[in-house]
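K.L.:
The structure follows.
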Amino acid sequence: MNPIITIALLTLREAVRRRLVAACAAITIGLVGLSAWGFDRLSHNHSITSGEVSVAIPQALILFMFMFSFVVALSASAMASPAISGEVESGVLQAIVARPIRRSELLLGKWLGLATVLLAYSAVVSGLEVGVVDWVSGFVPPNPLVFAAFLFAEGVILLTLTLLLSTRLSAIATGVVAIAMFGAAWLGGVVGSLGAAFNIASLRTIGQVARYLLPTDGLWHGAIYYLEPHSFVAERLSEASQSSANPFFAQAPPTWTYLVWVGVWFLVVLAAGLVSFERREL
Amino acid sequence: MSLSRSADSIGIDREAGSPAPAIVESKTDSPVSPAVYTNELRKDFRGTTALRGLSMSVGRGEVFGFLGPNGAGKTTAVKLLLGLVRPSGGEAMVLGAPAGDRETRRRIGYLPELFRFQSWLTATEVLALHWRLLQLPKAAMRSAIADSLRTVGLGERSGDKVGTFSKGMQQRLGLAVALLGEPELVILDEPTSALDPVGRHDVRAIIRSVRDRGAAVFLNTHLLEEAEHVCDRVCVIDRGRSIATGTLADLLGGTSSVRLKVAGLEVGWWTDLGLAHFVLDGDWLLAERIQPGQIPELVAAIVARGGLIDAVIPEHQTLEERFLELLAEP
């Protein structure tokens, strides 16, 4: 068996044996159940008009999905933080690396295993939440599959960055830095939105730079767009320009140029992780 | 043979019968290439020098003890041999290939000093993982793993999670991992640090069995008793440099003492004798630093002077005594 597959299967087995999968499943089912109750209350509330409901439900779905995107990001960071440095510190990795396996194969195997967990989680949580909202309210977002793909991509970006950090920093430092960077990127996006809304060039630039430096927020906005019905987008755009300051609204999908940049960013960071691990002394 | 200091330690290797560097320098993995060969191997870590030019050679089918106090550079040397760290200078060859060569690692078993395995796997699963990483035939895996676990005394715990194992059991598992696939070189870094006396005895038997099938064992230890029991040759390192290399006889045979019980002579009869440094110890006379070949001469001298010899007990220096002596030398 290819060593990459061997390590990926080992990583998946670890996620199952350490009850990461069970914990995620339990908390997700709980949250989805809670959201079902909330969406049911919202869609069957006679004190608000059907027009208001048609606006509120997509907005509420985006908020719920933001929470799940946060779970994806935290999971990516928490799983990847100890993946290299934690195992170096504990001594588990030395016995593996002494085998006829390239370090690049070890890192790619771990990446593949963790990315598979993120893919499964993104697919399941998107499917469950969209299904529940459809069931209780009849609302189906325009493109839930592309949304799930963007959610997964956001997780993969943070996973890849965390693995790179994990080749050099301690497990705790890696986790803290990765989450701080994720938060900063999100805040950068908010600042950029405010800049756009109030036409402040410097703030707009900060937002743009943040989205290029760490594309998690850019991908999150891509994900949002595919949850918004076209009528919802048109209505928001016709409102005051301040609506674009809303961090839970995307007026356009990411450009192809941006997506190519995300691909390049991913490859560069992954390659940096491989080189860094190759050079690390164990 | 007297024991040499670092500069000519390779000379001792040659005399002791280890492979000559001329063969080593071919750098091909012929059956005569040494299991391990290093020449002036050096390692610096950000301003600290862990190894200052280590030269040694380990033959095939040899149990080689690598001795030194804590912090001498033993584990650094092992990591260099496995390619876990890169050398700052010098040369290191393992089984005829440059140290760290990926394909050669297939023929090396390694028990790290810090032995930790995936706590959420069973003992069998840990070995299966290493079997797959070694890319050995799947058909033979089950029986090989069962044999390995039996060899290290874990046959009845094969299905238990590693997380439930004591430290000693984890070290036994580490030994099973190191022996998997019958490697040509087994590198054991402090293999009995967590074991009880029974476990240590078992490990010695395992090391001998590895040697008996023709593999080399590189035993990194600070437990001199362990080295005394199983090693064919040893290398003593201190502060990153080899200070002595040779067989145990080389190391210990150079100096010894003899305990004598002599009657019929006045105290002080030995003052003009030479041969040794004499110390009176109750009824006994201790002849220290005597060469082994001079013991008959000493006995003859006593008899010639009219002494009656009740007892002559040769006392060999222990490895520990020699080790401390070596470390104390400037």
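By order in the structure tokens, chains are A, B, ...; within a chain, residues start at 1; ligands start at 1, following the order shown.
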Considering only C-alpha atoms, give me a table of residues in chain A that are at most 9 Å from chain B, with the closest atom pair and distance in Å for each, as CSV.
P.N.:
```
residue,atom,partner,partner_atom,distance
A:Met1,CA,B:Arg132,CA,6.9
A:Asn2,CA,B:Leu133,CA,8.5
A:Pro3,CA,B:Leu133,CA,6.2
A:Thr6,CA,B:Arg132,CA,7.3
A:Ile7,CA,B:Leu129,CA,8.7
A:Leu10,CA,B:Leu129,CA,8.1
A:Arg13,CA,B:Leu121,CA,8.9
A:Glu14,CA,B:Trp120,CA,7.1
A:Arg17,CA,B:Trp120,CA,6.3
A:Arg18,CA,B:Trp120,CA,7.1
A:Ser90,CA,B:Arg116,CA,6.7
A:Gly91,CA,B:Arg116,CA,5.5
A:Val92,CA,B:Arg116,CA,4.9
A:Leu93,CA,B:Arg116,CA,8.5
A:Gln94,CA,B:Pro112,CA,7.1
A:Ala95,CA,B:Pro112,CA,6.6
A:Ile96,CA,B:His130,CA,7.5
A:Val97,CA,B:Leu84,CA,7.6
A:Ala98,CA,B:Leu82,CA,6.2
A:Arg99,CA,B:Arg105,CA,5.7
A:Pro100,CA,B:Arg102,CA,4.9
A:Ile101,CA,B:Arg102,CA,6.8
A:Arg102,CA,B:Arg102,CA,7.3
A:Arg279,CA,B:Val85,CA,8.8
A:Arg280,CA,B:Val85,CA,7.8
A:Glu281,CA,B:Val85,CA,4.7
A:Leu282,CA,B:Leu84,CA,5.2
```
K.L.:
Would you save the residues of that selection, restricted to C-alpha atoms, as a PDB file, in the first residue's frame?
P.N.:
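Writing the result to out.pdb gives the following:
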```pdb
ATOM      1  CA  MET A   1       0.000   0.000   0.000  1.00  0.00           C
ATOM      2  CA  ASN A   2       1.189   3.490  -0.814  1.00  0.00           C
ATOM      3  CA  PRO A   3       2.656   5.076   2.357  1.00  0.00           C
ATOM      4  CA  THR A   6      -1.301   4.075   4.964  1.00  0.00           C
ATOM      5  CA  ILE A   7      -0.791   7.308   6.922  1.00  0.00           C
ATOM      6  CA  LEU A  10      -4.071   5.812  10.220  1.00  0.00           C
ATOM      7  CA  ARG A  13      -8.628   5.745  12.362  1.00  0.00           C
ATOM      8  CA  GLU A  14      -7.230   8.131  14.958  1.00  0.00           C
ATOM      9  CA  ARG A  17     -10.780   6.061  17.873  1.00  0.00           C
ATOM     10  CA  ARG A  18     -10.195   9.307  19.700  1.00  0.00           C
ATOM     11  CA  SER A  90       5.741  12.753  22.313  1.00  0.00           C
ATOM     12  CA  GLY A  91       8.188  10.618  20.332  1.00  0.00           C
ATOM     13  CA  VAL A  92       5.529   8.822  18.261  1.00  0.00           C
ATOM     14  CA  LEU A  93       6.873  10.241  15.016  1.00  0.00           C
ATOM     15  CA  GLN A  94      10.499   9.138  15.404  1.00  0.00           C
ATOM     16  CA  ALA A  95       9.633   5.456  15.062  1.00  0.00           C
ATOM     17  CA  ILE A  96       7.561   6.185  11.924  1.00  0.00           C
ATOM     18  CA  VAL A  97      10.096   8.471  10.231  1.00  0.00           C
ATOM     19  CA  ALA A  98      12.833   5.853  10.750  1.00  0.00           C
ATOM     20  CA  ARG A  99      10.882   3.590   8.370  1.00  0.00           C
ATOM     21  CA  PRO A 100      11.412   3.740   4.589  1.00  0.00           C
ATOM     22  CA  ILE A 101       8.897   6.549   4.179  1.00  0.00           C
ATOM     23  CA  ARG A 102       9.576  10.009   2.817  1.00  0.00           C
ATOM     24  CA  ARG A 279      14.420  20.157   6.895  1.00  0.00           C
ATOM     25  CA  ARG A 280      13.274  19.756  10.461  1.00  0.00           C
ATOM     26  CA  GLU A 281      15.641  17.893  12.723  1.00  0.00           C
ATOM     27  CA  LEU A 282      13.898  15.291  14.818  1.00  0.00           C
TER      28      LEU A 282
END
```
K.L.:
Give me the residues within 8 Å of region 247-250 of chain A as a list of chain:residue names, counting only C-alpha atoms and dropping any in the same chain fewer than 5 places off.
P.N.:
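Answer for this query is A:Gln59, A:Ile62, A:Leu63, A:Gly189, A:Val190, A:Ser193, A:His221, A:Gly222, A:Ile224, A:Tyr225, A:Val233.
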K.L.:
Suppose we keep C-alpha atoms; can you now write the selection as a compact mmCIF listing (two decimals), in the first residue's frame?
P.N.:
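Once written, selection34.txt looks like this:
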```txt
# COMPACT_ATOMS: atom_id res chain seq x y z
CA GLN A 59 -30.24 35.17 6.69
CA ILE A 62 -26.27 31.88 6.78
CA LEU A 63 -25.83 32.58 10.51
CA GLY A 189 -13.01 40.93 5.87
CA VAL A 190 -15.36 42.87 8.15
CA SER A 193 -16.75 45.51 4.11
CA HIS A 221 -18.01 34.89 1.41
CA GLY A 222 -18.01 32.58 -1.59
CA ILE A 224 -22.43 32.70 1.64
CA TYR A 225 -23.20 33.71 -1.93
CA VAL A 233 -29.19 39.60 -3.27
```
K.L.:
Counting only C-alpha atoms, figure out which residue out of B:Leu326, B:Leu273, B:Met93, B:Ala144 gets nearest to Cys235 (chain B).
P.N.:
B:Leu326
K.L.:
Just to confirm, what's the straight-line distance from CA of Ser256 (chain B) to CA of Ala287 (chain B) in Å (one decimal)?
P.N.:
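It comes out at 8.7 Å.
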K.L.:
Which parts of region 287-319 of chain B does DSSP call strand (DSSP E) when run on the backbone here, written out as an MDAnalysis selection string?
P.N.:
chainID B and resid 287:290 308:316
K.L.:
For the residues in that selection, give me C-alpha atoms as an mmCIF file, in the first residue's frame.
P.N.:
```
data_model
loop_
_atom_site.group_PDB
_atom_site.id
_atom_site.type_symbol
_atom_site.label_atom_id
_atom_site.label_comp_id
_atom_site.auth_asym_id
_atom_site.auth_seq_id
_atom_site.Cartn_x
_atom_site.Cartn_y
_atom_site.Cartn_z
ATOM 1 C CA ALA B 287 48.915 -6.104 43.779
ATOM 2 C CA GLU B 288 47.324 -3.355 41.685
ATOM 3 C CA ARG B 289 47.998 -2.353 38.077
ATOM 4 C CA ILE B 290 49.777 -5.602 37.275
ATOM 5 C CA LEU B 308 54.158 -19.601 51.280
ATOM 6 C CA ILE B 309 51.260 -18.771 49.007
ATOM 7 C CA ASP B 310 47.822 -19.495 50.410
ATOM 8 C CA ALA B 311 45.824 -17.771 47.669
ATOM 9 C CA VAL B 312 46.212 -15.887 44.388
ATOM 10 C CA ILE B 313 42.967 -14.326 43.202
ATOM 11 C CA PRO B 314 43.097 -12.287 39.987
ATOM 12 C CA GLU B 315 40.691 -9.359 40.155
ATOM 13 C CA HIS B 316 39.589 -7.879 36.872
#
```
K.L.:
If you count only C-alpha atoms, which residues fall within 8 Å of Arg52 (chain B), apart from same-chain ones fewer than 2 positions away, as a PDB file with N, CA and C atoms, in the first residue's frame?
P.N.:
```pdb
ATOM      1  N   GLU B  40      34.913  10.927  11.697  1.00  0.00           N
ATOM      2  CA  GLU B  40      34.925  12.343  12.108  1.00  0.00           C
ATOM      3  C   GLU B  40      33.526  12.963  12.023  1.00  0.00           C
ATOM      4  N   LEU B  41      32.527  12.209  12.447  1.00  0.00           N
ATOM      5  CA  LEU B  41      31.144  12.672  12.381  1.00  0.00           C
ATOM      6  C   LEU B  41      30.931  13.781  13.415  1.00  0.00           C
ATOM      7  N   ARG B  42      30.355  14.884  12.937  1.00  0.00           N
ATOM      8  CA  ARG B  42      30.190  16.037  13.816  1.00  0.00           C
ATOM      9  C   ARG B  42      28.760  16.555  13.756  1.00  0.00           C
ATOM     10  N   LYS B  43      28.277  17.038  14.876  1.00  0.00           N
ATOM     11  CA  LYS B  43      26.943  17.642  14.883  1.00  0.00           C
ATOM     12  C   LYS B  43      26.916  18.839  15.820  1.00  0.00           C
ATOM     13  N   THR B  49      27.942  21.964  20.511  1.00  0.00           N
ATOM     14  CA  THR B  49      28.456  20.839  19.734  1.00  0.00           C
ATOM     15  C   THR B  49      28.100  19.546  20.451  1.00  0.00           C
ATOM     16  N   ALA B  50      27.266  18.739  19.800  1.00  0.00           N
ATOM     17  CA  ALA B  50      26.829  17.481  20.411  1.00  0.00           C
ATOM     18  C   ALA B  50      27.813  16.360  20.089  1.00  0.00           C
ATOM     19  N   LEU B  54      33.165  11.894  15.616  1.00  0.00           N
ATOM     20  CA  LEU B  54      33.025  10.515  16.093  1.00  0.00           C
ATOM     21  C   LEU B  54      33.451   9.553  14.986  1.00  0.00           C
ATOM     22  N   ARG B 239      31.478  13.780  25.977  1.00  0.00           N
ATOM     23  CA  ARG B 239      31.463  15.130  25.410  1.00  0.00           C
ATOM     24  C   ARG B 239      31.606  15.103  23.881  1.00  0.00           C
ATOM     25  N   GLY B 240      30.874  14.163  23.271  1.00  0.00           N
ATOM     26  CA  GLY B 240      30.783  14.147  21.817  1.00  0.00           C
ATOM     27  C   GLY B 240      31.951  13.530  21.087  1.00  0.00           C
ATOM     28  N   ARG B 241      32.825  12.873  21.816  1.00  0.00           N
ATOM     29  CA  ARG B 241      33.997  12.298  21.154  1.00  0.00           C
ATOM     30  C   ARG B 241      34.256  10.905  21.702  1.00  0.00           C
TER      31      ARG B 241
END
```
K.L.:
If DSSP is run on the backbone, what residues of region 43-158 of chain A are helix (DSSP H, G or I)? A reply as JSON, numbers by chain would be ideal.
P.N.:
{"A": [43, 50, 51, 52, 53, 54, 55, 56, 57, 58, 59, 60, 61, 62, 63, 64, 65, 66, 67, 68, 69, 70, 71, 72, 73, 74, 75, 76, 77, 78, 79, 80, 85, 86, 87, 88, 89, 90, 92, 93, 94, 95, 96, 97, 103, 104, 105, 106, 107, 108, 109, 110, 111, 112, 113, 114, 115, 116, 117, 118, 119, 120, 121, 122, 123, 124, 125, 126, 127, 128, 129, 130, 131, 132, 133, 134, 135, 136, 137, 144, 145, 146, 147, 148, 149, 150, 151, 152, 153, 154, 155, 156, 157, 158]}
K.L.:
How many Å lie between CA of Ser55 (chain B) and CA of Thr192 (chain B), rounded to one decimal?
P.N.:
25.7 Å
K.L.:
Leaving out Thr167 (chain A) and any residue of its chain fewer than 4 positions from it, which residues lie within 10 Å of it when counting only C-alpha atoms, given as an MDAnalysis selection string?
P.N.:
chainID A and resid 81:86 88 107 162:163 171 174 272:280
K.L.:
Those residues with N, CA and C atoms, as an mmCIF file, in the first residue's frame please?
P.N.:
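Final output, saved to again02.cif:
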```
data_model
loop_
_atom_site.group_PDB
_atom_site.id
_atom_site.type_symbol
_atom_site.label_atom_id
_atom_site.label_comp_id
_atom_site.auth_asym_id
_atom_site.auth_seq_id
_atom_site.Cartn_x
_atom_site.Cartn_y
_atom_site.Cartn_z
ATOM 1 N N SER A 81 -2.992 20.863 14.566
ATOM 2 C CA SER A 81 -1.975 21.463 15.454
ATOM 3 C C SER A 81 -0.988 20.429 16.001
ATOM 4 N N PRO A 82 -1.495 19.296 16.533
ATOM 5 C CA PRO A 82 -0.530 18.337 17.092
ATOM 6 C C PRO A 82 -0.018 17.325 16.058
ATOM 7 N N ALA A 83 -0.489 17.438 14.814
ATOM 8 C CA ALA A 83 -0.225 16.376 13.831
ATOM 9 C C ALA A 83 1.262 16.114 13.634
ATOM 10 N N ILE A 84 2.074 17.154 13.617
ATOM 11 C CA ILE A 84 3.516 16.957 13.452
ATOM 12 C C ILE A 84 4.228 17.237 14.782
ATOM 13 N N SER A 85 4.106 18.491 15.248
ATOM 14 C CA SER A 85 4.889 18.860 16.441
ATOM 15 C C SER A 85 4.495 18.038 17.661
ATOM 16 N N GLY A 86 3.202 17.777 17.833
ATOM 17 C CA GLY A 86 2.764 16.992 18.989
ATOM 18 C C GLY A 86 3.371 15.603 18.968
ATOM 19 N N VAL A 88 6.127 14.761 17.363
ATOM 20 C CA VAL A 88 7.580 14.865 17.546
ATOM 21 C C VAL A 88 7.875 14.969 19.044
ATOM 22 N N LEU A 107 3.626 13.696 5.645
ATOM 23 C CA LEU A 107 2.841 14.926 5.768
ATOM 24 C C LEU A 107 1.619 14.884 4.853
ATOM 25 N N THR A 162 -2.202 25.255 9.157
ATOM 26 C CA THR A 162 -1.893 24.716 10.495
ATOM 27 C C THR A 162 -0.829 23.627 10.402
ATOM 28 N N LEU A 163 -0.900 22.805 9.367
ATOM 29 C CA LEU A 163 0.126 21.760 9.205
ATOM 30 C C LEU A 163 1.499 22.382 8.988
ATOM 31 N N ALA A 171 2.638 22.264 19.506
ATOM 32 C CA ALA A 171 1.229 22.019 19.196
ATOM 33 C C ALA A 171 0.354 23.166 19.697
ATOM 34 N N THR A 174 0.954 26.346 17.697
ATOM 35 C CA THR A 174 0.368 26.202 16.366
ATOM 36 C C THR A 174 -1.131 26.477 16.409
ATOM 37 N N ALA A 272 5.514 24.665 1.215
ATOM 38 C CA ALA A 272 6.326 25.203 2.322
ATOM 39 C C ALA A 272 6.309 24.228 3.503
ATOM 40 N N GLY A 273 5.153 23.639 3.755
ATOM 41 C CA GLY A 273 5.039 22.655 4.837
ATOM 42 C C GLY A 273 5.921 21.446 4.560
ATOM 43 N N LEU A 274 5.923 20.986 3.312
ATOM 44 C CA LEU A 274 6.731 19.815 2.949
ATOM 45 C C LEU A 274 8.218 20.120 3.122
ATOM 46 N N VAL A 275 8.632 21.294 2.638
ATOM 47 C CA VAL A 275 10.054 21.668 2.736
ATOM 48 C C VAL A 275 10.444 21.843 4.204
ATOM 49 N N SER A 276 9.575 22.505 4.952
ATOM 50 C CA SER A 276 9.869 22.765 6.365
ATOM 51 C C SER A 276 10.015 21.452 7.138
ATOM 52 N N PHE A 277 9.128 20.503 6.877
ATOM 53 C CA PHE A 277 9.187 19.223 7.591
ATOM 54 C C PHE A 277 10.413 18.419 7.157
ATOM 55 N N GLU A 278 10.721 18.500 5.863
ATOM 56 C CA GLU A 278 11.889 17.791 5.337
ATOM 57 C C GLU A 278 13.160 18.271 6.042
ATOM 58 N N ARG A 279 13.206 19.576 6.314
ATOM 59 C CA ARG A 279 14.420 20.157 6.895
ATOM 60 C C ARG A 279 14.446 20.089 8.413
ATOM 61 N N ARG A 280 13.327 19.751 8.991
ATOM 62 C CA ARG A 280 13.274 19.756 10.461
ATOM 63 C C ARG A 280 14.110 18.620 11.024
#
```
K.L.:
What's the 10 Å shell around Leu145 (chain A), counting only C-alpha atoms, without same-chain residues fewer than 2 positions away, as a ChimeraX atom specification?
P.N.:
/A:123,126-127,141-143,147-151,223,226-227
K.L.:
Would you put the residues from that selection into a file with N, CA and C atoms, as a short mmCIF file (atom, residue, chain, number, x, y, z; two decimals), in the first residue's frame?
P.N.:
```cif
data_model
loop_
_atom_site.label_atom_id
_atom_site.label_comp_id
_atom_site.auth_asym_id
_atom_site.auth_seq_id
_atom_site.Cartn_x
_atom_site.Cartn_y
_atom_site.Cartn_z
N ALA A 123 -19.72 18.02 4.05
CA ALA A 123 -20.81 17.45 3.25
C ALA A 123 -22.00 17.10 4.15
N SER A 126 -23.66 20.30 5.78
CA SER A 126 -24.39 21.09 4.78
C SER A 126 -25.68 20.37 4.41
N GLY A 127 -25.55 19.07 4.14
CA GLY A 127 -26.72 18.28 3.74
C GLY A 127 -27.78 18.27 4.83
N PRO A 141 -31.59 26.67 -0.58
CA PRO A 141 -30.68 27.66 -1.15
C PRO A 141 -30.34 27.32 -2.61
N PRO A 142 -29.91 28.33 -3.38
CA PRO A 142 -29.72 28.09 -4.82
C PRO A 142 -28.69 27.02 -5.15
N ASN A 143 -27.62 26.93 -4.38
CA ASN A 143 -26.60 25.94 -4.76
C ASN A 143 -25.88 25.37 -3.53
N PHE A 147 -21.90 25.56 -2.04
CA PHE A 147 -21.69 26.06 -0.67
C PHE A 147 -20.81 25.09 0.12
N ALA A 148 -21.17 23.78 0.05
CA ALA A 148 -20.41 22.77 0.80
C ALA A 148 -18.96 22.73 0.33
N ALA A 149 -18.77 22.90 -0.99
CA ALA A 149 -17.41 22.88 -1.54
C ALA A 149 -16.60 24.05 -0.97
N PHE A 150 -17.23 25.25 -0.89
CA PHE A 150 -16.53 26.41 -0.35
C PHE A 150 -16.24 26.24 1.15
N LEU A 151 -17.21 25.63 1.86
CA LEU A 151 -17.02 25.38 3.29
C LEU A 151 -15.82 24.45 3.50
N ALA A 223 -18.92 30.99 -0.02
CA ALA A 223 -19.92 30.04 0.49
C ALA A 223 -21.25 30.75 0.73
N TYR A 226 -23.65 31.35 -2.26
CA TYR A 226 -24.42 30.23 -2.82
C TYR A 226 -25.55 29.80 -1.89
N LEU A 227 -25.69 30.49 -0.76
CA LEU A 227 -26.87 30.25 0.11
C LEU A 227 -27.95 31.30 -0.13
#
```
K.L.:
Write out as a short mmCIF file (atom, residue, chain, number, x, y, z; two decimals) with N, CA and C atoms, in the first residue's frame which residues come within 8 Å of Gly307 (chain B) when counting only C-alpha atoms, dropping same-chain ones fewer than 5 positions away.
P.N.:
```cif
data_model
loop_
_atom_site.label_atom_id
_atom_site.label_comp_id
_atom_site.auth_asym_id
_atom_site.auth_seq_id
_atom_site.Cartn_x
_atom_site.Cartn_y
_atom_site.Cartn_z
N VAL B 262 49.86 -14.35 51.51
CA VAL B 262 51.22 -14.90 51.56
C VAL B 262 51.66 -15.03 53.03
N ALA B 263 52.26 -16.15 53.38
CA ALA B 263 52.80 -16.35 54.73
C ALA B 263 54.31 -16.59 54.63
N GLY B 264 54.99 -16.40 55.75
CA GLY B 264 56.41 -16.74 55.80
C GLY B 264 57.34 -15.62 55.38
N LEU B 265 56.81 -14.42 55.14
CA LEU B 265 57.66 -13.29 54.76
C LEU B 265 57.33 -12.09 55.63
N ILE B 302 57.72 -14.61 44.80
CA ILE B 302 57.34 -14.87 46.20
C ILE B 302 57.94 -16.20 46.66
#
```
K.L.:
Residues within 8 Å of Ala8 (chain A), please, as a PyMOL selection string. Count only C-alpha atoms; anything in the same chain fewer than 5 positions from it doesn't count.
P.N.:
chain A and resi 108-114
K.L.:
Dump C-alpha atoms for the selected residues as a tab-separated table (two decimals), in the first residue's frame?
P.N.:
```tsv
chain	number	residue	atom	x	y	z
A	108	LEU	CA	0.68	14.35	2.68
A	109	GLY	CA	-0.84	11.26	4.31
A	110	LYS	CA	-1.78	13.28	7.37
A	111	TRP	CA	-3.13	16.07	5.18
A	112	LEU	CA	-5.19	13.60	3.17
A	113	GLY	CA	-6.62	11.92	6.27
A	114	LEU	CA	-7.56	15.21	7.94
```
K.L.:
Mind giving me the straight-line distance from CA of Pro191 (chain B) to CA of Thr48 (chain B) in Å, one decimal?
P.N.:
26.6 Å
K.L.:
I need the residue nearest Leu161 (chain A) from this list: A:Ser77, A:Thr116, A:Ser231, A:Thr205. Use only C-alpha atoms for the distance.
P.N.:
A:Ser77
K.L.:
Nearest to Thr221 (chain B) among B:Leu286, B:Ala300, B:Val36, B:Ala72, with distances taken over only C-alpha atoms: which residue is it?
P.N.:
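Residue with the minimum atom-to-atom distance to Thr221 (chain B): B:Ala72.
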